[in-house]
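Q: Next comes protein_13.cif, mmCIF, C-alpha atoms:
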```cif
data_data
#
loop_
_atom_site.label_atom_id
_atom_site.label_comp_id
_atom_site.auth_asym_id
_atom_site.auth_seq_id
_atom_site.Cartn_x
_atom_site.Cartn_y
_atom_site.Cartn_z
CA MET A 1 117.19 71.44 95.13
CA TRP A 2 116.87 73.07 98.58
CA LEU A 3 120.50 73.79 99.41
CA PRO A 4 121.01 76.63 96.88
CA PHE A 5 117.64 78.11 97.91
CA ILE A 6 118.57 78.16 101.60
CA GLU A 7 122.05 79.54 100.90
CA HIS A 8 120.53 82.35 98.80
CA VAL A 9 117.75 83.25 101.22
CA LEU A 10 119.90 83.20 104.36
CA ASN A 11 123.08 84.48 102.73
CA ILE A 12 125.18 81.65 104.19
CA ASP A 13 127.49 78.98 102.80
CA LEU A 14 126.42 75.41 103.51
CA SER A 15 128.86 73.72 101.14
CA GLY A 16 130.70 71.79 103.85
CA ASP A 17 130.27 68.19 104.94
CA ASN A 18 127.12 68.90 106.95
CA GLY A 19 125.19 70.43 104.07
CA SER A 20 122.85 67.45 103.77
CA GLN A 21 121.18 68.28 107.10
CA PHE A 22 119.87 71.56 105.68
CA ALA A 23 117.22 69.90 103.55
CA ASP A 24 113.82 71.29 104.40
CA THR A 25 111.81 74.42 105.16
CA VAL A 26 111.62 73.73 108.90
CA THR A 27 115.41 73.62 109.18
CA SER A 28 115.70 76.71 107.00
CA VAL A 29 113.27 78.80 109.04
CA MET A 30 114.96 77.77 112.30
CA LEU A 31 118.30 78.89 110.85
CA LEU A 32 116.64 82.17 109.98
CA GLY A 33 115.20 82.54 113.48
CA GLY A 34 118.52 81.67 115.09
CA SER A 35 120.32 84.28 113.01
CA ASP A 36 117.59 86.76 113.93
CA VAL A 37 118.06 86.11 117.65
CA GLU A 38 121.81 86.63 117.27
CA ARG A 39 121.15 89.93 115.44
CA ARG A 40 123.18 89.01 112.36
CA GLN A 41 123.01 91.24 109.31
CA PHE A 42 120.68 90.29 106.46
CA LEU A 43 120.50 91.23 102.81
CA ALA A 44 118.00 93.85 101.75
CA ALA A 45 114.68 92.70 100.33
CA SER A 46 114.89 91.88 96.64
CA ALA A 47 112.58 91.00 93.78
CA ALA A 48 114.40 87.68 93.28
CA VAL A 49 113.74 86.42 96.81
CA GLY A 50 110.08 87.42 96.55
CA LEU A 51 109.63 85.54 93.29
CA ALA A 52 111.17 82.44 94.89
CA ALA A 53 107.73 81.92 96.45
CA LEU A 54 106.41 81.01 93.00
CA ASP A 55 108.73 77.99 92.78
CA LEU A 56 107.20 74.59 93.49
CA PRO A 57 107.26 73.75 97.23
CA ASP A 58 108.59 70.49 98.66
CA ALA A 59 105.54 68.21 98.34
CA ASP A 60 106.97 65.50 100.62
CA ALA A 61 108.19 67.72 103.45
CA VAL A 62 105.29 66.95 105.82
CA THR A 63 105.39 63.22 105.11
CA ARG A 64 109.10 63.01 105.89
CA ARG A 65 108.63 64.49 109.33
CA ALA A 66 105.50 62.53 110.32
CA ASN A 67 105.66 59.17 112.12
CA ARG A 68 109.38 59.36 112.85
CA PRO A 69 111.13 59.01 116.23
CA GLY A 70 111.43 62.15 118.29
CA PRO A 71 112.24 63.29 121.83
CA VAL A 72 108.71 64.47 122.65
CA ALA A 73 105.18 63.37 121.70
CA VAL A 74 103.21 66.13 119.97
CA GLY A 75 99.44 66.34 119.57
CA MET A 76 96.72 68.87 118.88
CA GLY A 77 97.32 70.48 122.28
CA GLU A 78 100.68 71.76 121.10
CA VAL A 79 99.14 72.95 117.82
CA THR A 80 96.52 74.89 119.79
CA ALA A 81 99.26 76.38 121.97
CA VAL A 82 101.10 77.74 118.91
CA ARG A 83 97.91 79.29 117.57
CA THR A 84 97.01 80.82 120.95
CA MET A 85 100.46 82.37 121.30
CA THR A 86 100.30 83.69 117.74
CA THR A 87 96.94 85.34 118.46
CA THR A 88 98.17 86.86 121.72
CA LEU A 89 101.36 88.26 120.21
CA GLY A 90 99.47 89.45 117.13
CA ASN A 91 96.94 91.37 119.23
CA ALA A 92 99.74 93.17 121.06
CA ALA A 93 101.51 94.02 117.80
CA SER A 94 98.30 95.31 116.19
CA GLU A 95 97.78 97.67 119.11
CA LEU A 96 101.32 98.86 119.77
CA GLY A 97 103.21 98.09 116.56
CA GLY A 98 105.52 95.35 115.34
CA GLY A 99 108.44 96.84 117.27
CA HIS A 100 106.91 95.44 120.46
CA ALA A 101 107.69 91.86 121.46
CA ARG A 102 108.97 90.51 118.14
CA HIS A 103 111.96 89.02 119.95
CA LEU A 104 109.49 87.05 122.09
CA ALA A 105 107.82 85.61 118.99
CA VAL A 106 111.18 84.62 117.47
CA ARG A 107 112.37 82.92 120.65
CA TYR A 108 109.07 81.07 120.95
CA LEU A 109 109.56 79.83 117.37
CA THR A 110 113.18 78.74 117.81
CA MET A 111 112.75 77.15 121.24
CA ASP A 112 109.24 75.81 121.91
CA VAL A 113 107.95 75.33 118.37
CA LYS A 114 111.25 73.88 117.15
CA ARG A 115 111.13 71.26 119.90
CA TRP A 116 107.67 70.19 118.77
CA LEU A 117 108.57 70.16 115.09
CA ASP A 118 111.50 67.88 115.96
CA GLY A 119 109.18 65.62 117.99
CA ARG A 120 107.06 62.66 116.98
CA TYR A 121 103.54 63.05 115.61
CA THR A 122 101.04 61.65 113.15
CA ASP A 123 100.52 62.82 109.58
CA LYS A 124 97.34 64.71 110.60
CA VAL A 125 99.11 66.53 113.45
CA SER A 126 102.09 67.29 111.21
CA ARG A 127 99.94 69.20 108.71
CA ASP A 128 98.24 71.19 111.46
CA LEU A 129 101.59 71.87 113.13
CA PHE A 130 103.10 73.08 109.84
CA ALA A 131 100.06 75.33 109.31
CA ALA A 132 100.22 76.78 112.84
CA THR A 133 103.95 77.40 112.42
CA SER A 134 103.26 79.13 109.11
CA GLU A 135 100.90 81.53 110.90
CA LEU A 136 103.50 82.31 113.57
CA VAL A 137 106.24 82.82 110.96
CA HIS A 138 103.92 85.10 108.98
CA LEU A 139 103.31 87.18 112.11
CA ILE A 140 107.06 87.49 112.74
CA GLY A 141 107.47 88.64 109.14
CA TRP A 142 104.76 91.24 109.63
CA MET A 143 106.41 92.42 112.85
CA ALA A 144 109.82 92.70 111.16
CA ARG A 145 108.33 94.73 108.34
CA ASP A 146 106.52 97.01 110.76
CA GLU A 147 109.77 97.80 112.54
CA GLY A 148 111.46 98.55 109.22
CA ASN A 149 113.50 95.38 108.63
CA GLN A 150 112.30 94.69 105.09
CA GLY A 151 114.79 92.00 104.07
CA LEU A 152 114.19 89.95 107.21
CA SER A 153 110.44 90.33 106.81
CA GLN A 154 110.57 89.10 103.22
CA LYS A 155 112.45 85.96 104.23
CA TYR A 156 109.96 85.13 106.99
CA HIS A 157 107.03 85.59 104.59
CA LEU A 158 108.72 83.33 102.06
CA HIS A 159 109.14 80.60 104.68
CA SER A 160 105.55 81.10 105.83
CA TYR A 161 104.39 80.49 102.26
CA ARG A 162 106.43 77.31 101.90
CA LEU A 163 105.26 75.88 105.24
CA ALA A 164 101.63 76.59 104.29
CA ALA A 165 101.99 75.15 100.80
CA GLU A 166 103.66 72.02 102.16
CA ALA A 167 100.80 71.60 104.65
CA GLY A 168 98.23 71.98 101.85
CA GLU A 169 96.77 75.11 103.48
CA ASN A 170 95.62 77.18 100.52
CA GLU A 171 94.44 80.24 102.45
CA LEU A 172 97.63 80.52 104.51
CA ALA A 173 99.73 80.17 101.36
CA ALA A 174 97.72 82.87 99.57
CA THR A 175 98.02 85.15 102.61
CA ALA A 176 101.81 84.77 102.62
CA LEU A 177 101.89 85.64 98.90
CA ARG A 178 99.74 88.64 99.71
CA GLY A 179 102.29 89.80 102.30
CA LEU A 180 105.12 89.50 99.77
CA ALA A 181 103.10 91.35 97.10
CA ASP A 182 102.16 94.18 99.46
CA GLN A 183 105.78 94.58 100.51
CA ALA A 184 106.98 94.55 96.89
CA ILE A 185 104.61 97.43 96.12
CA ASP A 186 106.01 99.52 98.96
CA LEU A 187 109.59 98.76 97.89
CA GLY A 188 108.90 99.72 94.28
CA HIS A 189 109.32 96.22 92.79
CA ILE A 190 106.11 96.72 90.81
CA PRO A 191 106.38 93.95 88.15
CA THR A 192 107.23 91.48 90.93
CA ALA A 193 104.33 92.79 93.00
CA VAL A 194 101.92 92.25 90.12
CA ARG A 195 103.07 88.65 89.63
CA LEU A 196 102.80 87.86 93.33
CA ALA A 197 99.43 89.59 93.69
CA GLU A 198 98.05 87.77 90.67
CA ALA A 199 99.27 84.42 92.04
CA CYS A 200 97.72 85.28 95.41
CA GLU A 201 94.36 86.15 93.85
CA GLN A 202 94.37 83.04 91.66
CA ARG A 203 95.09 80.77 94.64
CA GLY A 204 92.38 82.58 96.60
CA ARG A 205 89.72 81.78 94.00
CA LYS A 206 89.55 78.25 95.40
CA LEU A 207 88.33 79.60 98.74
CA THR A 208 84.81 80.36 99.96
CA ASN A 209 85.87 82.83 102.67
CA PRO A 210 84.58 86.24 101.45
CA LYS A 211 87.01 88.19 103.66
CA ALA A 212 89.93 86.32 102.16
CA LEU A 213 88.67 87.00 98.66
CA ALA A 214 88.33 90.73 99.41
CA TYR A 215 91.79 90.73 101.01
CA TYR A 216 93.53 89.21 98.01
CA ARG A 217 91.60 91.12 95.35
CA ASN A 218 92.30 94.48 96.95
CA THR A 219 95.99 93.55 97.01
CA TYR A 220 95.85 92.77 93.30
CA ALA A 221 94.01 96.07 92.73
CA ARG A 222 96.73 97.94 94.61
CA ALA A 223 99.49 96.29 92.58
CA ALA A 224 97.67 96.94 89.29
CA ALA A 225 97.12 100.60 90.21
CA ALA A 226 100.82 100.98 91.02
CA ASP A 227 101.57 99.44 87.60
CA GLY A 228 99.29 101.93 85.83
CA ASP A 229 96.75 99.23 84.93
CA ASP A 230 93.63 101.15 85.92
CA THR A 231 91.29 98.67 84.21
CA THR A 232 92.44 95.70 86.28
CA ALA A 233 92.61 97.82 89.42
CA SER A 234 89.01 98.97 89.03
CA LYS A 235 87.83 95.44 88.26
CA MET A 236 89.50 94.02 91.35
CA LEU A 237 88.20 96.90 93.50
CA THR A 238 84.64 96.11 92.45
CA SER A 239 85.16 92.39 93.00
CA ALA A 240 86.64 93.01 96.47
CA GLN A 241 83.65 95.16 97.42
CA THR A 242 81.24 92.45 96.32
CA ALA A 243 83.09 89.93 98.47
CA ILE A 244 83.27 92.10 101.60
CA GLU A 245 79.56 92.90 101.35
CA HIS A 246 78.89 89.19 101.87
CA ALA A 247 81.36 88.83 104.74
CA PRO A 248 80.35 88.41 108.40
CA ALA A 249 81.18 91.29 110.71
CA LEU A 250 82.91 89.18 113.35
CA PRO A 251 86.45 87.97 112.68
CA GLY A 252 87.12 84.30 112.00
CA GLN A 253 90.03 82.16 113.13
CA SER A 254 92.39 82.64 110.20
CA TRP A 255 94.62 85.61 109.38
CA ALA A 256 92.59 86.51 106.29
CA SER A 257 89.34 86.21 108.28
CA HIS A 258 90.52 89.17 110.37
CA TYR A 259 90.39 91.38 107.28
CA SER A 260 87.69 93.67 108.60
CA HIS A 261 85.30 95.95 106.77
CA GLY A 262 87.33 98.83 108.19
CA ARG A 263 90.59 97.56 106.72
CA TRP A 264 88.85 96.97 103.39
CA ALA A 265 87.55 100.56 103.41
CA HIS A 266 91.03 101.92 104.23
CA GLU A 267 92.80 99.98 101.49
CA SER A 268 90.06 100.75 98.97
CA GLY A 269 90.35 104.43 99.80
CA MET A 270 94.07 104.47 99.13
CA ILE A 271 93.60 102.60 95.84
CA HIS A 272 91.01 105.19 94.79
CA ALA A 273 93.53 107.89 95.68
CA ARG A 274 96.15 106.20 93.49
CA LEU A 275 93.61 106.10 90.66
CA GLY A 276 92.98 109.84 91.07
CA ASP A 277 89.49 109.72 92.60
CA LEU A 278 90.14 111.74 95.77
CA ALA A 279 86.45 112.14 96.61
CA ALA A 280 85.97 108.36 96.68
CA ALA A 281 89.22 108.02 98.62
CA GLU A 282 88.07 110.40 101.36
CA GLU A 283 84.66 108.74 101.51
CA HIS A 284 86.21 105.31 102.06
CA LEU A 285 88.65 106.57 104.69
CA HIS A 286 85.82 108.19 106.63
CA LEU A 287 83.92 104.93 106.27
CA ALA A 288 86.84 103.09 107.83
CA LEU A 289 87.05 105.46 110.79
CA ASP A 290 83.48 106.49 111.47
CA ILE A 291 81.22 103.64 110.41
CA HIS A 292 83.17 100.40 110.52
CA GLY A 293 85.52 101.58 113.24
CA LEU A 294 89.14 100.66 113.84
CA ASP A 295 89.83 99.63 117.41
CA ARG A 296 93.61 99.30 117.18
CA LYS A 297 95.69 102.40 117.91
CA ARG A 298 98.25 101.61 115.23
CA THR A 299 95.70 100.98 112.48
CA ARG A 300 93.56 103.98 113.36
CA ALA A 301 96.59 106.26 113.39
CA ILE A 302 97.70 105.09 109.94
CA VAL A 303 94.25 105.77 108.49
CA LEU A 304 94.21 109.25 110.04
CA ALA A 305 97.60 110.05 108.47
CA ASP A 306 96.35 108.91 105.05
CA LEU A 307 93.09 110.81 105.40
CA GLY A 308 94.93 114.04 106.18
CA HIS A 309 96.98 113.69 103.00
CA VAL A 310 93.85 113.19 100.90
CA GLN A 311 92.16 116.18 102.53
CA LEU A 312 95.21 118.36 101.87
CA LYS A 313 95.25 117.32 98.21
CA ARG A 314 91.59 118.31 97.97
CA GLY A 315 92.42 121.78 99.30
CA ASN A 316 90.90 121.32 102.77
CA THR A 317 93.94 122.50 104.69
CA ASP A 318 92.33 123.22 108.07
CA THR A 319 90.54 119.87 108.04
CA ALA A 320 93.78 118.07 107.16
CA LEU A 321 95.63 119.73 110.04
CA ALA A 322 92.89 118.72 112.49
CA THR A 323 93.08 115.15 111.20
CA TRP A 324 96.85 115.07 111.56
CA LYS A 325 96.58 116.41 115.11
CA GLU A 326 94.33 113.44 115.90
CA PHE A 327 96.88 111.17 114.22
CA VAL A 328 99.72 112.40 116.46
CA ASP A 329 97.52 111.88 119.54
CA CYS A 330 96.59 108.38 118.45
CA ALA A 331 100.15 107.38 117.51
CA ASP A 332 101.54 108.05 120.98
CA GLY A 333 103.40 104.98 122.23
CA VAL A 334 103.14 103.01 118.98
CA GLN A 335 106.39 101.55 117.58
CA SER A 336 105.89 101.15 113.84
CA VAL A 337 107.77 102.24 110.75
CA ARG A 338 104.39 103.13 109.25
CA ILE A 339 103.86 105.64 112.05
CA ASN A 340 107.38 107.03 111.64
CA ASP A 341 106.84 107.37 107.90
CA GLY A 342 103.57 109.17 108.58
CA LEU A 343 105.30 111.66 110.86
CA THR A 344 108.07 112.25 108.30
CA ASN A 345 105.62 112.76 105.43
CA ILE A 346 103.51 115.20 107.41
CA SER A 347 106.58 117.16 108.53
CA ALA A 348 107.64 117.54 104.90
CA ARG A 349 104.31 119.16 104.02
CA LEU A 350 103.84 121.48 106.98
CA PRO A 351 106.37 124.14 105.82
CA LYS A 352 104.24 124.61 102.70
CA ILE A 353 101.37 125.83 104.89
CA PRO A 354 102.41 129.41 105.80
CA ASP A 355 100.85 131.65 108.45
CA SER A 356 99.10 128.75 110.19
CA PRO A 357 99.36 128.50 113.99
CA ALA A 358 97.92 124.99 113.79
CA ALA A 359 100.63 123.91 111.35
CA ALA A 360 103.35 125.46 113.50
CA GLU A 361 102.04 123.76 116.63
CA LEU A 362 101.83 120.41 114.86
CA SER A 363 105.37 120.82 113.55
CA GLU A 364 106.64 121.43 117.08
CA ARG A 365 104.85 118.37 118.43
CA ILE A 366 106.28 116.12 115.73
CA ALA A 367 109.78 117.53 116.25
CA ALA A 368 109.53 116.86 119.98
CA ARG A 369 108.46 113.27 119.30
CA THR A 370 111.19 112.49 116.78
#
```
Is it possible to give me this structure as structure tokens?

A:
Amino acid sequence: MWLPFIEHVLNIDLSGDNGSQFADTVTSVMLLGGSDVERRQFLAASAAVGLAALDLPDADAVTRRANRPGPVAVGMGEVTAVRTMTTTLGNAASELGGGHARHLAVRYLTMDVKRWLDGRYTDKVSRDLFAATSELVHLIGWMARDEGNQGLSQKYHLHSYRLAAEAGENELAATALRGLADQAIDLGHIPTAVRLAEACEQRGRKLTNPKALAYYRNTYARAAAADGDDTTASKMLTSAQTAIEHAPALPGQSWASHYSHGRWAHESGMIHARLGDLAAAEEHLHLALDIHGLDRKRTRAIVLADLGHVQLKRGNTDTALATWKEFVDCADGVQSVRINDGLTNISARLPKIPDSPAAAELSERIAART
């Protein structure tokens, strides 16, 4: 069952005599990481690979690896180490963009984490180790996407989902589906995005974490809006708002628990913009920046770029230019495809603003940066 999946995802031929060793998700993700380190070429992201997440995971994967001989004893200390490194690397990426330090995360996965996964541990530790590895793999996928490597990102997210599902970690699995759905929207695979977002939201219903519920429902709203299903989009927007209103302000330990009120306001604003309600869009984007606050340079810059576009569409040209100036200031030093896209999109609109010294100055600054 697994050999065709691995061959398809990694674009390699494992039909030789050693094919039987490539039998589980751990082996597959280490092959992926090893190919990543060696800078091999990968296929572009596709709808088919994304939908592979909806196949049934290997229910016995964790059991097979637990209580077996191994070169090193592994306990909860190693699990904590993986989670601490994931948090540290994630904080750096959130501030400076996924283009920073992704190679460090990949090498940590393929060297340290691999050694522990190949070690000896109990069933309880194995599930926690699979879950912690899923979080790290998800982060690497996010980093790859943020530096513009969409196909590689998709494959990491797919492996993150399978590791989480095999560990029985519902929230991690739903979060990985959310990453695949969000990426499918951006790539224009809208029917696939809707299926993934719906599966994510359905899996998330089993959770009590209000931030996770808001996270998944806003993703479903975004996919539905892209599909022209305004009714479902509006319903999910309302449901996400209800959930976030009951969420604590401080972040929790999980990825979804870091879905802040500011991120909710930003995503909700862009969904409102897609639905044609520009006034509500601008209100939510201001809410994200001014009331809830966004303390990461990368995130704040992205919101400023989006806000400027909404203001320009509403006819507030001078305000939009001032917002975009703040965006360029904030984006300095950040390595992210989202930032580069923002600069490109703004540059395309500036020539349509004639006789504006502010527009000309902004155009020169962007040209100097790129």

Q: List, as a tab-separated table (two decimals) with C-alpha atoms, in the frame of the given file, every residue that the PyMOL selection byres ((chain A and resi 83-93) around 12) selects in the file provided.

A:
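Heads up, here's the output in out20.tsv:
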```tsv
chain	number	residue	atom	x	y	z
A	76	MET	CA	96.72	68.87	118.88
A	77	GLY	CA	97.32	70.48	122.28
A	78	GLU	CA	100.68	71.76	121.10
A	79	VAL	CA	99.14	72.95	117.82
A	80	THR	CA	96.52	74.89	119.79
A	81	ALA	CA	99.26	76.38	121.97
A	82	VAL	CA	101.10	77.74	118.91
A	94	SER	CA	98.30	95.31	116.19
A	95	GLU	CA	97.78	97.67	119.11
A	96	LEU	CA	101.32	98.86	119.77
A	97	GLY	CA	103.21	98.09	116.56
A	98	GLY	CA	105.52	95.35	115.34
A	99	GLY	CA	108.44	96.84	117.27
A	100	HIS	CA	106.91	95.44	120.46
A	101	ALA	CA	107.69	91.86	121.46
A	102	ARG	CA	108.97	90.51	118.14
A	103	HIS	CA	111.96	89.02	119.95
A	104	LEU	CA	109.49	87.05	122.09
A	105	ALA	CA	107.82	85.61	118.99
A	106	VAL	CA	111.18	84.62	117.47
A	107	ARG	CA	112.37	82.92	120.65
A	108	TYR	CA	109.07	81.07	120.95
A	109	LEU	CA	109.56	79.83	117.37
A	112	ASP	CA	109.24	75.81	121.91
A	113	VAL	CA	107.95	75.33	118.37
A	128	ASP	CA	98.24	71.19	111.46
A	129	LEU	CA	101.59	71.87	113.13
A	130	PHE	CA	103.10	73.08	109.84
A	131	ALA	CA	100.06	75.33	109.31
A	132	ALA	CA	100.22	76.78	112.84
A	133	THR	CA	103.95	77.40	112.42
A	134	SER	CA	103.26	79.13	109.11
A	135	GLU	CA	100.90	81.53	110.90
A	136	LEU	CA	103.50	82.31	113.57
A	137	VAL	CA	106.24	82.82	110.96
A	138	HIS	CA	103.92	85.10	108.98
A	139	LEU	CA	103.31	87.18	112.11
A	140	ILE	CA	107.06	87.49	112.74
A	141	GLY	CA	107.47	88.64	109.14
A	142	TRP	CA	104.76	91.24	109.63
A	143	MET	CA	106.41	92.42	112.85
A	144	ALA	CA	109.82	92.70	111.16
A	145	ARG	CA	108.33	94.73	108.34
A	146	ASP	CA	106.52	97.01	110.76
A	147	GLU	CA	109.77	97.80	112.54
A	252	GLY	CA	87.12	84.30	112.00
A	253	GLN	CA	90.03	82.16	113.13
A	254	SER	CA	92.39	82.64	110.20
A	255	TRP	CA	94.62	85.61	109.38
A	258	HIS	CA	90.52	89.17	110.37
A	295	ASP	CA	89.83	99.63	117.41
A	296	ARG	CA	93.61	99.30	117.18
A	297	LYS	CA	95.69	102.40	117.91
A	298	ARG	CA	98.25	101.61	115.23
A	299	THR	CA	95.70	100.98	112.48
A	333	GLY	CA	103.40	104.98	122.23
A	334	VAL	CA	103.14	103.01	118.98
A	335	GLN	CA	106.39	101.55	117.58
A	336	SER	CA	105.89	101.15	113.84
```

Q: Find the smallest box with edges along x, y and z containing every listed atom of range 333-337 of chain A, then add 3 Å on each side and report centre and edge lengths in Å to one decimal, as AutoDock Vina command-line options.

A:
```
--center_x 105.5 --center_y 103.1 --center_z 116.5 --size_x 10.6 --size_y 9.8 --size_z 17.5
```

Q: Residue by residue, what does the PyMOL selection byres ((chain A and resi 327) around 10) grab here? Present the result as a list in words.

A: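 With the shown file as input, the PyMOL selection byres ((chain A and resi 327) around 10) matches Lys297, Arg298, Arg300, Ala301, Ile302, Val303, Leu304, Ala305, Asp306, Leu307, Gly308, Leu321, Ala322, Thr323, Trp324, Lys325, Glu326, Val328, Asp329, Cys330, Ala331, Asp332, Ile339, Gly342 and Leu343 of chain A.
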
Q: Residues picked by the PyMOL selection byres ((chain A and resi 228) around 12) here, as a list in words?

A: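 Written out, the selection comes to Ile190, Pro191, Val194, Ala221, Arg222, Ala223, Ala224, Ala225, Ala226, Asp227, Asp229, Asp230, Thr231, Thr232, Ala233, Ser234, Ile271, Arg274, Leu275 and Gly276 of chain A.
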
Q: Would you mind telling me which residue in A:Gly269, A:Gly293, A:Gly188, A:Pro354 lies nearest to Ala249 in chain A when using only C-alpha atoms?

A: A:Gly293

Q: Quick one: residues within 10 Å of Arg349 in chain A, all atoms listed in the file counted, chain neighbours fewer than 5 positions away excluded, as a ChimeraX atom specification?

A: /A:309,312,344,359,363
